[in-house]
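Below: the structure, in structure tokens.
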There are 2 protein chains.
Amino acid sequence: MSAASSLQSRAAGGTKPDIDAANEALNPMDEDLKVSSSVGALKVTRQVPSRQAMAKMLQERLFYIPSFKIYDGAAETAGLFDYGPPGVKLKNNVLAFWRQHFVLGENMLEVECPSVTPEIVLKASGHVDRFTDLMVKDEKNGNCYRVDHLLKDFCTEKLQKDLNIAEEKAKELKHVLALLDDLSAEELGAKIKEYGITAPDTSNPLSDPYPFNLMFQTSIGPSGSSTAYMRPETAQGIFVNFNYLYYYNGNKLPFAAAQIGQAFRNEIAPRQGLLRVREFTLAEIEHFVDPEDKTHPKFNEVAELEFQMFPREEQVSGQSARIIRLGEAVAKGIVDNQTLAYFIGRVYLFLTRLGIDEERLRFRQHLPNEMAHYAADCWDAEIETSYGWIECVGIADRSAYDLQAHSVKSNKDLMAHEKFSEPREVEELVISPVVKETGLAFKADGKNVVEALKAMNEKEALEMKADLEAKGEVEFYVCTLGKNVSIKQNMVTISYKKRKEHQRRFTPSVIEPSFGIGRIIYCLFEHSYYTRQSQAGDEQSNNLNVLRFPPLMAPFKCTVFPLVQNKEYEEVAKGISKSLTAAGISHKIDITGTSIGKKYARTDELGAPFAITVDSTTSVTIRERDSKDQVRVNLKEVVVVVKELTAGLKTWADVSRAHRVRRQSRLRNLLNKLCFPC
Amino acid sequence: MSAASSLQSRAAGGTKPDIDAANEALNPMDEDLKVSSSVGALKVTRQVPSRQAMAKMLQERLFYIPSFKIYDGAAETAGLFDYGPPGVKLKNNVLAFWRQHFVLGENMLEVECPSVTPEIVLKASGHVDRFTDLMVKDEKNGNCYRVDHLLKDFCTEKLQKDLNIAEEKAKELKHVLALLDDLSAEELGAKIKEYGITAPDTSNPLSDPYPFNLMFQTSIGPSGSSTAYMRPETAQGIFVNFNYLYYYNGNKLPFAAAQIGQAFRNEIAPRQGLLRVREFTLAEIEHFVDPEDKTHPKFNEVAELEFQMFPREEQVSGQSARIIRLGEAVAKGIVDNQTLAYFIGRVYLFLTRLGIDEERLRFRQHLPNEMAHYAADCWDAEIETSYGWIECVGIADRSAYDLQAHSVKSNKDLMAHEKFSEPREVEELVISPVVKETGLAFKADGKNVVEALKAMNEKEALEMKADLEAKGEVEFYVCTLGKNVSIKQNMVTISYKKRKEHQRRFTPSVIEPSFGIGRIIYCLFEHSYYTRQSQAGDEQSNNLNVLRFPPLMAPFKCTVFPLVQNKEYEEVAKGISKSLTAAGISHKIDITGTSIGKKYARTDELGAPFAITVDSTTSVTIRERDSKDQVRVNLKEVVVVVKELTAGLKTWADVSRAHRVRRQSRLRNLLNKLCFPC
């Protein structure tokens, strides 16, 4: 199952981090649950706010919406979600930051390829044959289930509910849970039979497990004969363009191509809300590099970074993830090469700057049986949520596999070359049969003898050379004649000769960081969400929801509202709103009669870092979301202040300091006037 | 065919502007062709640079790439294109500007819905039944053709090649070309038979025309029984979310939702390169408005705009498009309402600021038979290219059709309400039969009589009231009894009564601007592309290609290179490049030994508006692309100058003035020093 599992784990959009299957299964979905990562992970116990309360708030504020909900009778809407207005803004901010951090920051070549993909392309990549999940069918009504889900549910329930379970049995079930991803169709089928598992809805018997291809199939053109699929990842569109991109890059390596786009997986039975969906956005990078030189010129920029890593060895020996310095990881051979490690470092910076809590982020190395045979090394950025550790970014060294697969299928070269600065002298063994002599000796058979001499490998040729020099004659078997002939010294010259080579041709290796954008956004929701006690002034009796998005990510940078309903203040608020729009600052204006407390609560729920209250016609109050601190800012400066705060040019501390100083100096001016009236 | 044609013309992604079929067909695809828009359009004859030369250059520079080209044997790759690195940057700039101009500028609610769409949704919208093109099959080998294409090709070729064609016949063929979109399946089939048209590849006979649905079909989930389609437009995802969006907007109208995303059309036989593709990006706006009030609060901001409009009347009477002031168009009833006109104005501003030549842009009103029966009015923004006038944006008032269709299918209300500031008194006629009296008079028939009395319309009731008052008795036909009965005054009270209404409930109208982003980009290529003579200094013998993208749209804002290969200059160039990256300015650095002339030529071909040449370690030369003018700028200022130029804060004229002044003042300083040595 390694090929299939590798194909799936490459792109983090629609797959599940199977190493944590056992862990995840044990996490109940109830209120205020305690997450304790147990299976070899860091032991962190943390009070996580209710997932249900968060989901309710996110849906009410239209961060996301189950798709086509007015047709919710239709079962096929499962696993499809819309982003609502604040969700789209958040997603656009994440993608803009991704482009700034990777595409612009690393000078990558961004491309955009179609989702509709002819069968031949996905045949070459292996998806047509191996991009599958194992499924069982209810033998009576034909309902389908993922066999690993059924087995997981059975083991989990047994472990949770059967209080009298024998220790031996419990150990076995936990072992099954931990190995779930490693079991073959036959082994899974055997377990289903052994445990007597039946269809959950009907208790009918189940079929043997069989593979179901996860790609959405369609056909191109009116004939119906040209099969195509909706791409399950964006990478293939880049691989088939390798020659163009290499040319565009001045025929130089290394370089990276990038693509952001939709990918599609026809999940058998989507669960886990936003984490397992049938259509999702991937952001993928294919970095092409000389397999003989995987150093990275900018590695020193990330070498000093330290964060949680979970190497293979620690996983196998039951230890925990630990903090490792990236430079050390490469030096000690924990990470295979500099380029792979460089991207791990860049992904770490990307995720933490985005707002992911670094204590709930780890990089987990794939176990040997998780990786495809051709992969050199592979690490997943995993983020801890109430569902357990979720694979959000896969960073894999895929060697030359993809380019070679398309080269074979398309019969086109997909290679790079290294021009030597000066020609290199190479020595090679040359076998030169003397046609005249072999012709005289073997007549009509001479041609076959010449071919057989030329076909000798280096070892055979050197032996013949030695024998001829020693004995002057040697017996030689010519397979095309089916007999031995006698070769004399005058019939062949065998010698080393020097030759000049001007370049080297090779298939580049591919290092692929692949980002499941929807999963990252979901994790950002969980890491940003908290609640705080409602205060006297607030008009809500229960806890208040807050999303602590960093200013750069926040869908709305600020809200604007008058302190009281008043024509003058309203006009000021509208004027500020107009200036914010002109400055390209996303915000919300609220001139309804709602109380100030409710307006702050709405600001917090949308994750807007700042609220601008118009309480005068010359200046306003700006309130920071998390500290709830306020500063007074002159009307003329307000847009500049918000721009500086949200573009990361100034911190809240800078702004409060500056505006405290100004208030003091204004006070001093006033005092001066009072004390020394002119 | 009006429903189908309306469904297709709504979104400009994959369709052809059929009104110009005749015109377009007559445009040869050869070098340096003269475009003369003849069918009722403005008579403009203009030297258009070679389309082939442009396409060659665009592909060489990877603005776009035919998808999966290494598998180009596969016929199913037709109509699929990739954007290469500069193409993606250009597209991202177009979309960012669209978001700034529409979403942020108009406070729209942007959403993102999946492409995979369950059948029930597209059944409700009418796409499953009517989103079709008419097709004929080769009766022997089964090859498929679009019947209108075959007929068009036949007529065009006949008109071009048959020099002895009778005047009568030529007139007939031109008439067929002009009416192509209006012909029914039967009429098209009859023409195919009449003209003896056979399959182009084999000359085999053809089948009768029949509809082919243009949606890519697939199925959701493992059972294979849940049919779904890849969406042919993004709008339906918005309509089904109306209630959520209305709530999000504080239950207030008007508001607009917007969506950018992929759409899919399984074209029978894609032609016209980038203009007719099977997958494309749409940007759509659904503006929900009270059908009784289609005024727009910001209409005065666009009312004074003047541009080419092509109203229905001018088209029908064979006149040309003409320049009309938007305010006048609404006042004279040429455009149905202010809101529709407001969007026409905003689209005009969007396209011209993007770089579309306003002389090759017109707004054409749909003819009555082009529009669906429910549409109030519809205008297309058409852009003139070497293929003729291309529909790029459709702006339609679709009335309440879509919301009502989904409401009926889903059995859910999709309505808005208007709360009256104070309850309104309404008077209505109330018919109150006196059950006791009718029971006494008609016994078992009493119930039917009561129902029949209640079912009277206002006119009938008022007549009865008058008759009863005049005669005290009246004959009344009860259809459920099949006979007349005699109604007396004591059996029924008929009178006007007053009632208070607190709100009005209604289905909003939808005004929909729908943008085919790929088509707009293709038109931008044609309007930006020109060639100029190679000069002595340039190292190319033929014409030089230039793309005059406005700075805001340009994929690369500038290039950076040292004047000569020189370690010092190279370091300066790299430093500038690093600062540009940090400032988020997309650029290209070139430190190869290529000649300066070639580097300028590459800058021009990529459409980069500025080239920075490092020819000193303290200052650089900035060259403007189209004028080829140069200014000298201090090294410390270069990033700021480029930022100001490309963000639209300063013009080239501003910059040249400022830097000429500085040179002069430096000169004056120098003169001062020389004249008055201190």
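As shown in the structure tokens, the chain order sets the letters A, B, ...; within each chain, residues go from 1, and ligands are also counted from 1 in the order they appear.
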How far apart are chain A and chain B by Cα RMSD after a least-squares superposition over every Cα, paired in order?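 Result: 0.5 Å C-alpha RMSD.
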Find the spatial neighbours of Arg519 of chain A, counting only C-alpha atoms, within a cut-off of 12 Å - ignore same-chain residues fewer than 4 positions away - and output them as a ChimeraX atom specification.
/A:11-17,91,94,272-277,279-283,351,356,381-385,387,389-393,514-515,523-526
Would you write out those residues with N, CA and C atoms, as an mmCIF file, in the first residue's frame?
```cif
data_model
loop_
_atom_site.group_PDB
_atom_site.id
_atom_site.type_symbol
_atom_site.label_atom_id
_atom_site.label_comp_id
_atom_site.auth_asym_id
_atom_site.auth_seq_id
_atom_site.Cartn_x
_atom_site.Cartn_y
_atom_site.Cartn_z
ATOM 1 N N ALA A 11 -0.053 15.644 -1.033
ATOM 2 C CA ALA A 11 -0.725 16.933 -0.976
ATOM 3 C C ALA A 11 -1.701 16.869 0.173
ATOM 4 N N ALA A 12 -1.608 17.849 1.025
ATOM 5 C CA ALA A 12 -2.266 17.737 2.312
ATOM 6 C C ALA A 12 -3.742 18.103 2.282
ATOM 7 N N GLY A 13 -4.294 18.317 1.089
ATOM 8 C CA GLY A 13 -5.645 18.835 1.011
ATOM 9 C C GLY A 13 -6.698 17.928 1.584
ATOM 10 N N GLY A 14 -6.778 16.727 1.158
ATOM 11 C CA GLY A 14 -7.931 15.939 1.537
ATOM 12 C C GLY A 14 -7.609 14.720 2.363
ATOM 13 N N THR A 15 -6.412 14.612 2.863
ATOM 14 C CA THR A 15 -6.068 13.380 3.549
ATOM 15 C C THR A 15 -5.914 13.575 5.046
ATOM 16 N N LYS A 16 -5.814 12.479 5.689
ATOM 17 C CA LYS A 16 -5.853 12.445 7.157
ATOM 18 C C LYS A 16 -4.477 12.007 7.654
ATOM 19 N N PRO A 17 -4.000 12.567 8.751
ATOM 20 C CA PRO A 17 -2.692 12.169 9.267
ATOM 21 C C PRO A 17 -2.826 10.826 9.966
ATOM 22 N N LYS A 91 -8.875 33.893 3.488
ATOM 23 C CA LYS A 91 -8.179 33.015 2.550
ATOM 24 C C LYS A 91 -7.325 33.824 1.574
ATOM 25 N N VAL A 94 -4.221 34.825 3.325
ATOM 26 C CA VAL A 94 -3.279 33.702 3.455
ATOM 27 C C VAL A 94 -2.552 33.482 2.120
ATOM 28 N N GLN A 272 -15.092 14.901 9.645
ATOM 29 C CA GLN A 272 -14.164 15.926 10.151
ATOM 30 C C GLN A 272 -14.355 17.292 9.520
ATOM 31 N N GLY A 273 -15.585 17.646 9.143
ATOM 32 C CA GLY A 273 -15.880 19.010 8.684
ATOM 33 C C GLY A 273 -14.919 19.535 7.644
ATOM 34 N N LEU A 274 -14.310 20.672 7.937
ATOM 35 C CA LEU A 274 -13.451 21.355 6.962
ATOM 36 C C LEU A 274 -12.143 20.617 6.695
ATOM 37 N N LEU A 275 -11.841 19.577 7.446
ATOM 38 C CA LEU A 275 -10.539 18.922 7.284
ATOM 39 C C LEU A 275 -10.545 17.847 6.201
ATOM 40 N N ARG A 276 -11.692 17.309 5.876
ATOM 41 C CA ARG A 276 -11.736 16.284 4.835
ATOM 42 C C ARG A 276 -12.850 16.633 3.865
ATOM 43 N N VAL A 277 -12.462 17.268 2.777
ATOM 44 C CA VAL A 277 -13.466 17.794 1.855
ATOM 45 C C VAL A 277 -13.219 17.255 0.447
ATOM 46 N N GLU A 279 -13.440 19.089 -2.414
ATOM 47 C CA GLU A 279 -12.805 20.083 -3.286
ATOM 48 C C GLU A 279 -12.069 21.061 -2.386
ATOM 49 N N PHE A 280 -10.826 21.376 -2.721
ATOM 50 C CA PHE A 280 -10.023 22.199 -1.806
ATOM 51 C C PHE A 280 -8.917 22.895 -2.580
ATOM 52 N N THR A 281 -8.336 23.899 -1.922
ATOM 53 C CA THR A 281 -7.275 24.668 -2.578
ATOM 54 C C THR A 281 -5.912 24.164 -2.123
ATOM 55 N N LEU A 282 -5.074 23.840 -3.086
ATOM 56 C CA LEU A 282 -3.690 23.464 -2.794
ATOM 57 C C LEU A 282 -2.770 24.583 -3.243
ATOM 58 N N ALA A 283 -1.658 24.740 -2.538
ATOM 59 C CA ALA A 283 -0.582 25.617 -3.005
ATOM 60 C C ALA A 283 0.660 24.738 -3.025
ATOM 61 N N LEU A 351 4.144 29.463 8.655
ATOM 62 C CA LEU A 351 3.016 29.081 9.514
ATOM 63 C C LEU A 351 2.975 29.906 10.800
ATOM 64 N N ILE A 356 -0.127 30.533 13.460
ATOM 65 C CA ILE A 356 -0.158 29.188 14.048
ATOM 66 C C ILE A 356 0.738 29.205 15.295
ATOM 67 N N ALA A 381 4.487 19.016 8.011
ATOM 68 C CA ALA A 381 4.175 19.996 9.048
ATOM 69 C C ALA A 381 2.813 19.608 9.594
ATOM 70 N N GLU A 382 2.786 19.250 10.874
ATOM 71 C CA GLU A 382 1.525 18.840 11.508
ATOM 72 C C GLU A 382 1.120 19.878 12.546
ATOM 73 N N ILE A 383 -0.158 20.177 12.579
ATOM 74 C CA ILE A 383 -0.663 21.181 13.514
ATOM 75 C C ILE A 383 -1.669 20.517 14.436
ATOM 76 N N GLU A 384 -1.536 20.807 15.716
ATOM 77 C CA GLU A 384 -2.410 20.170 16.693
ATOM 78 C C GLU A 384 -3.736 20.914 16.807
ATOM 79 N N THR A 385 -4.814 20.145 16.717
ATOM 80 C CA THR A 385 -6.158 20.721 16.847
ATOM 81 C C THR A 385 -6.974 19.802 17.747
ATOM 82 N N TYR A 387 -8.986 17.796 16.762
ATOM 83 C CA TYR A 387 -9.070 16.506 16.069
ATOM 84 C C TYR A 387 -7.759 15.718 16.206
ATOM 85 N N TRP A 389 -3.366 15.718 15.753
ATOM 86 C CA TRP A 389 -2.342 16.353 14.917
ATOM 87 C C TRP A 389 -2.742 16.214 13.458
ATOM 88 N N ILE A 390 -2.845 17.339 12.758
ATOM 89 C CA ILE A 390 -3.340 17.349 11.378
ATOM 90 C C ILE A 390 -2.200 17.676 10.417
ATOM 91 N N GLU A 391 -2.035 16.828 9.413
ATOM 92 C CA GLU A 391 -1.026 17.080 8.378
ATOM 93 C C GLU A 391 -1.494 18.244 7.504
ATOM 94 N N CYS A 392 -0.742 19.343 7.491
ATOM 95 C CA CYS A 392 -1.162 20.521 6.730
ATOM 96 C C CYS A 392 -0.226 20.852 5.565
ATOM 97 N N VAL A 393 1.038 20.517 5.712
ATOM 98 C CA VAL A 393 2.003 20.743 4.639
ATOM 99 C C VAL A 393 2.863 19.487 4.531
ATOM 100 N N SER A 514 3.989 21.004 -0.290
ATOM 101 C CA SER A 514 2.601 21.035 -0.761
ATOM 102 C C SER A 514 1.677 21.431 0.382
ATOM 103 N N PHE A 515 0.949 22.548 0.206
ATOM 104 C CA PHE A 515 0.178 23.151 1.301
ATOM 105 C C PHE A 515 -1.317 22.933 1.108
ATOM 106 N N CYS A 523 -6.938 25.202 11.021
ATOM 107 C CA CYS A 523 -6.065 25.205 12.209
ATOM 108 C C CYS A 523 -5.895 26.628 12.749
ATOM 109 N N LEU A 524 -5.834 27.596 11.838
ATOM 110 C CA LEU A 524 -5.726 28.994 12.253
ATOM 111 C C LEU A 524 -6.973 29.408 13.048
ATOM 112 N N PHE A 525 -8.145 28.927 12.613
ATOM 113 C CA PHE A 525 -9.365 29.193 13.391
ATOM 114 C C PHE A 525 -9.179 28.674 14.822
ATOM 115 N N GLU A 526 -8.769 27.400 14.934
ATOM 116 C CA GLU A 526 -8.658 26.825 16.287
ATOM 117 C C GLU A 526 -7.609 27.543 17.121
#
```
Exercise. Do you know which residues are at most 7 Å from Tyr83 of chain B counting only C-alpha atoms, after dropping those on the same chain fewer than 5 positions away, and could you put them as JSON, numbers by chain?
Worked result: {"A": [111, 112, 113], "B": [63, 64, 65, 88]}
With N, CA, C and O atoms kept, could you save the residues just selected as a short mmCIF file (atom, residue, chain, number, x, y, z; two decimals), in the first residue's frame?
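Everything below was put into again.cif:
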```cif
data_model
loop_
_atom_site.label_atom_id
_atom_site.label_comp_id
_atom_site.auth_asym_id
_atom_site.auth_seq_id
_atom_site.Cartn_x
_atom_site.Cartn_y
_atom_site.Cartn_z
N VAL A 111 2.68 29.19 -12.07
CA VAL A 111 1.90 28.82 -13.25
C VAL A 111 0.47 28.50 -12.82
O VAL A 111 0.18 28.35 -11.63
N GLU A 112 -0.41 28.40 -13.81
CA GLU A 112 -1.79 28.03 -13.51
C GLU A 112 -2.28 27.09 -14.60
O GLU A 112 -2.34 27.46 -15.77
N CYS A 113 -2.57 25.87 -14.22
CA CYS A 113 -2.96 24.84 -15.18
C CYS A 113 -4.42 24.46 -14.94
O CYS A 113 -4.94 24.69 -13.86
N PHE B 63 3.65 33.57 -21.56
CA PHE B 63 2.42 34.18 -21.06
C PHE B 63 1.34 33.10 -20.97
O PHE B 63 0.59 33.06 -20.04
N TYR B 64 1.31 32.24 -21.97
CA TYR B 64 0.44 31.06 -21.86
C TYR B 64 1.07 29.89 -22.61
O TYR B 64 1.99 30.08 -23.41
N ILE B 65 0.58 28.69 -22.28
CA ILE B 65 1.12 27.45 -22.84
C ILE B 65 -0.07 26.53 -23.11
O ILE B 65 -0.92 26.37 -22.24
N VAL B 88 0.46 34.43 -15.22
CA VAL B 88 -0.15 34.34 -13.89
C VAL B 88 -0.07 35.69 -13.18
O VAL B 88 -1.02 36.15 -12.56
#
```
**Message:** Applying 7 Å and only C-alpha atoms, which residues near segment 598-611 of chain B remain after dropping the ones on its own chain fewer than 2 positions away? List them as a PyMOL selection string.
**Reply:** chain B and resi 538-539+544-549+551+554+556-560+594-596+613+622-625
Return as a tab-separated table the residues of chain B lying at most 6 Å from chain A, together with the closest atom-to-atom pair for each and the distance in Å to one decimal, counting only C-alpha atoms, with rows in chain order and ascending residue number.
```
residue	atom	partner	partner_atom	distance
B:Tyr71	CA	A:Ser410	CA	5.8
B:Glu76	CA	A:Ile220	CA	5.9
B:Asp82	CA	A:Cys113	CA	4.4
B:Tyr83	CA	A:Glu112	CA	5.0
B:Gly84	CA	A:Val111	CA	4.8
B:Pro85	CA	A:Glu110	CA	5.0
B:Val88	CA	A:Val111	CA	5.9
B:Leu109	CA	A:Pro85	CA	5.2
B:Glu110	CA	A:Pro85	CA	4.9
B:Val111	CA	A:Gly84	CA	4.8
B:Glu112	CA	A:Tyr83	CA	5.0
B:Cys113	CA	A:Asp82	CA	4.4
B:Gln217	CA	A:Thr218	CA	5.7
B:Thr218	CA	A:Thr218	CA	5.2
B:Ile220	CA	A:Glu76	CA	5.9
B:Gly221	CA	A:Ile268	CA	5.5
B:Pro222	CA	A:Ile268	CA	5.6
B:Asn266	CA	A:Gly221	CA	5.9
B:Ile268	CA	A:Gly221	CA	5.5
B:Ser410	CA	A:Tyr71	CA	5.8
```
Could you write those residues out with N, CA and C atoms, as a tab-separated table (two decimals), in the first residue's frame?
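File result.tsv, as written:
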```tsv
chain	number	residue	atom	x	y	z
B	71	TYR	N	1.95	15.77	-24.26
B	71	TYR	CA	1.01	14.73	-24.72
B	71	TYR	C	0.16	15.26	-25.86
B	76	GLU	N	-7.87	15.55	-26.64
B	76	GLU	CA	-8.67	16.15	-25.58
B	76	GLU	C	-7.95	17.31	-24.91
B	82	ASP	N	-2.57	26.72	-20.10
B	82	ASP	CA	-1.93	27.13	-18.85
B	82	ASP	C	-1.55	28.59	-18.96
B	83	TYR	N	-1.54	29.29	-17.84
B	83	TYR	CA	-0.85	30.57	-17.76
B	83	TYR	C	0.56	30.28	-17.28
B	84	GLY	N	1.55	30.77	-17.99
B	84	GLY	CA	2.93	30.66	-17.54
B	84	GLY	C	3.26	31.81	-16.59
B	85	PRO	N	4.53	31.90	-16.13
B	85	PRO	CA	4.85	32.87	-15.07
B	85	PRO	C	4.40	34.32	-15.32
B	88	VAL	N	0.46	34.43	-15.22
B	88	VAL	CA	-0.15	34.34	-13.89
B	88	VAL	C	-0.07	35.69	-13.18
B	109	LEU	N	-20.05	41.42	-0.92
B	109	LEU	CA	-19.79	40.24	-0.11
B	109	LEU	C	-19.19	39.17	-1.02
B	110	GLU	N	-17.89	38.96	-0.91
B	110	GLU	CA	-17.27	37.95	-1.77
B	110	GLU	C	-17.41	36.58	-1.14
B	111	VAL	N	-17.80	35.60	-1.95
B	111	VAL	CA	-17.91	34.23	-1.47
B	111	VAL	C	-17.12	33.31	-2.40
B	112	GLU	N	-16.92	32.07	-1.95
B	112	GLU	CA	-16.23	31.09	-2.79
B	112	GLU	C	-16.92	29.76	-2.62
B	113	CYS	N	-17.50	29.26	-3.70
B	113	CYS	CA	-18.27	28.02	-3.64
B	113	CYS	C	-17.56	26.95	-4.47
B	217	GLN	N	-19.87	16.21	-16.90
B	217	GLN	CA	-20.63	15.43	-15.93
B	217	GLN	C	-19.70	14.55	-15.11
B	218	THR	N	-20.04	14.37	-13.85
B	218	THR	CA	-19.30	13.43	-13.01
B	218	THR	C	-20.27	12.89	-11.98
B	220	ILE	N	-20.77	12.11	-7.53
B	220	ILE	CA	-20.22	12.31	-6.19
B	220	ILE	C	-20.40	11.04	-5.36
B	221	GLY	N	-19.36	10.66	-4.66
B	221	GLY	CA	-19.45	9.50	-3.77
B	221	GLY	C	-19.23	8.21	-4.53
B	222	PRO	N	-19.14	7.12	-3.78
B	222	PRO	CA	-18.74	5.85	-4.39
B	222	PRO	C	-19.85	5.11	-5.12
B	266	ASN	N	-17.82	22.03	-21.69
B	266	ASN	CA	-17.29	20.97	-22.55
B	266	ASN	C	-17.58	21.29	-24.01
B	268	ILE	N	-17.85	21.56	-27.93
B	268	ILE	CA	-17.86	20.47	-28.91
B	268	ILE	C	-16.55	20.47	-29.69
B	410	SER	N	-36.32	23.99	-4.12
B	410	SER	CA	-35.87	23.60	-2.78
B	410	SER	C	-37.00	23.70	-1.76
```
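Using only C-alpha atoms for every distance, the candidate list A:Ala53, A:Ala124, A:Leu253, A:Ile323 yields A:Ala124 as the residue closest to Leu403 of chain A.
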(request) Write out as a list in words each polymer residue whose atoms come within 8 Å of Leu159 of chain A, counting only C-alpha atoms; drop sequence neighbours fewer than 4 positions from it. (result) Cys155, Leu163, Ile165, Ala170 and Leu173 of chain A
Resulting file, chosen residues, N, CA and C atoms, as a compact mmCIF listing (two decimals), in the first residue's frame:
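Resulting contents of result.txt:
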```txt
# COMPACT_ATOMS: atom_id res chain seq x y z
N CYS A 155 -12.72 -0.47 16.99
CA CYS A 155 -11.69 -0.55 18.03
C CYS A 155 -11.87 0.56 19.07
N LEU A 163 -15.76 -1.80 29.54
CA LEU A 163 -14.93 -1.56 30.72
C LEU A 163 -14.26 -2.83 31.22
N ILE A 165 -12.86 -5.07 29.31
CA ILE A 165 -12.00 -5.61 28.25
C ILE A 165 -10.69 -6.15 28.85
N ALA A 170 -7.17 -5.29 24.78
CA ALA A 170 -7.02 -3.84 24.64
C ALA A 170 -5.72 -3.52 23.91
N LEU A 173 -6.14 -4.20 20.20
CA LEU A 173 -6.94 -3.19 19.50
C LEU A 173 -6.13 -1.90 19.30
```
TODO: Quick one: pull the distance between atom CA of Glu167 of chain A and atom CA of Gly189 of chain A, Å, one decimal.
DONE: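 For atom CA of Glu167 of chain A relative to atom CA of Gly189 of chain A, the distance reads 24.2 Å.
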Exercise for the section: Compile the contact shell of segment 491-493 of chain A as a ChimeraX atom specification: residues with an atom at most 12 Å away, counting only C-alpha atoms, same-chain residues fewer than 6 positions apart removed. Expected result: /A:429-442,446,449-454,461-462,464-466,468-469,472-474,485
Do you know which residues are at most 7 Å from Arg505 of chain B counting only C-alpha atoms, after dropping those on the same chain fewer than 2 positions away, and could you put them as a list of chain:residue names?
-> B:Met415, B:Ala416, B:His417, B:Glu418, B:Gln503
Mind dumping the selected residues with all heavy atoms as an mmCIF file, in the first residue's frame?
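To be explicit, this is the file written out as again01.cif:
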```cif
data_model
loop_
_atom_site.group_PDB
_atom_site.id
_atom_site.type_symbol
_atom_site.label_atom_id
_atom_site.label_comp_id
_atom_site.auth_asym_id
_atom_site.auth_seq_id
_atom_site.Cartn_x
_atom_site.Cartn_y
_atom_site.Cartn_z
ATOM 1 N N MET B 415 -36.622 35.255 -0.011
ATOM 2 C CA MET B 415 -37.285 36.544 -0.150
ATOM 3 C C MET B 415 -36.676 37.604 0.762
ATOM 4 O O MET B 415 -36.027 37.289 1.755
ATOM 5 C CB MET B 415 -38.770 36.404 0.188
ATOM 6 C CG MET B 415 -39.510 35.517 -0.780
ATOM 7 S SD MET B 415 -41.257 35.423 -0.353
ATOM 8 C CE MET B 415 -41.916 36.734 -1.386
ATOM 9 N N ALA B 416 -36.930 38.857 0.388
ATOM 10 C CA ALA B 416 -36.538 39.980 1.231
ATOM 11 C C ALA B 416 -37.814 40.623 1.755
ATOM 12 O O ALA B 416 -38.907 40.327 1.286
ATOM 13 C CB ALA B 416 -35.740 40.982 0.422
ATOM 14 N N HIS B 417 -37.663 41.473 2.768
ATOM 15 C CA HIS B 417 -38.831 42.193 3.214
ATOM 16 C C HIS B 417 -38.468 43.649 3.454
ATOM 17 O O HIS B 417 -37.325 43.981 3.738
ATOM 18 C CB HIS B 417 -39.406 41.571 4.487
ATOM 19 C CG HIS B 417 -38.383 41.422 5.573
ATOM 20 N ND1 HIS B 417 -37.745 40.212 5.815
ATOM 21 C CD2 HIS B 417 -37.867 42.304 6.434
ATOM 22 C CE1 HIS B 417 -36.889 40.391 6.802
ATOM 23 N NE2 HIS B 417 -36.943 41.651 7.191
ATOM 24 N N GLU B 418 -39.481 44.462 3.293
ATOM 25 C CA GLU B 418 -39.281 45.876 3.584
ATOM 26 C C GLU B 418 -40.161 46.214 4.777
ATOM 27 O O GLU B 418 -41.399 46.096 4.699
ATOM 28 C CB GLU B 418 -39.682 46.721 2.374
ATOM 29 C CG GLU B 418 -39.449 48.205 2.587
ATOM 30 C CD GLU B 418 -40.250 49.076 1.608
ATOM 31 O OE1 GLU B 418 -41.061 48.524 0.835
ATOM 32 O OE2 GLU B 418 -40.067 50.292 1.645
ATOM 33 N N GLN B 503 -45.134 45.199 6.904
ATOM 34 C CA GLN B 503 -44.005 45.009 5.992
ATOM 35 C C GLN B 503 -44.483 44.445 4.664
ATOM 36 O O GLN B 503 -45.622 44.016 4.527
ATOM 37 C CB GLN B 503 -42.968 44.078 6.606
ATOM 38 C CG GLN B 503 -43.481 42.658 6.827
ATOM 39 C CD GLN B 503 -42.357 41.687 7.154
ATOM 40 O OE1 GLN B 503 -41.238 42.081 7.428
ATOM 41 N NE2 GLN B 503 -42.654 40.403 7.101
#
```
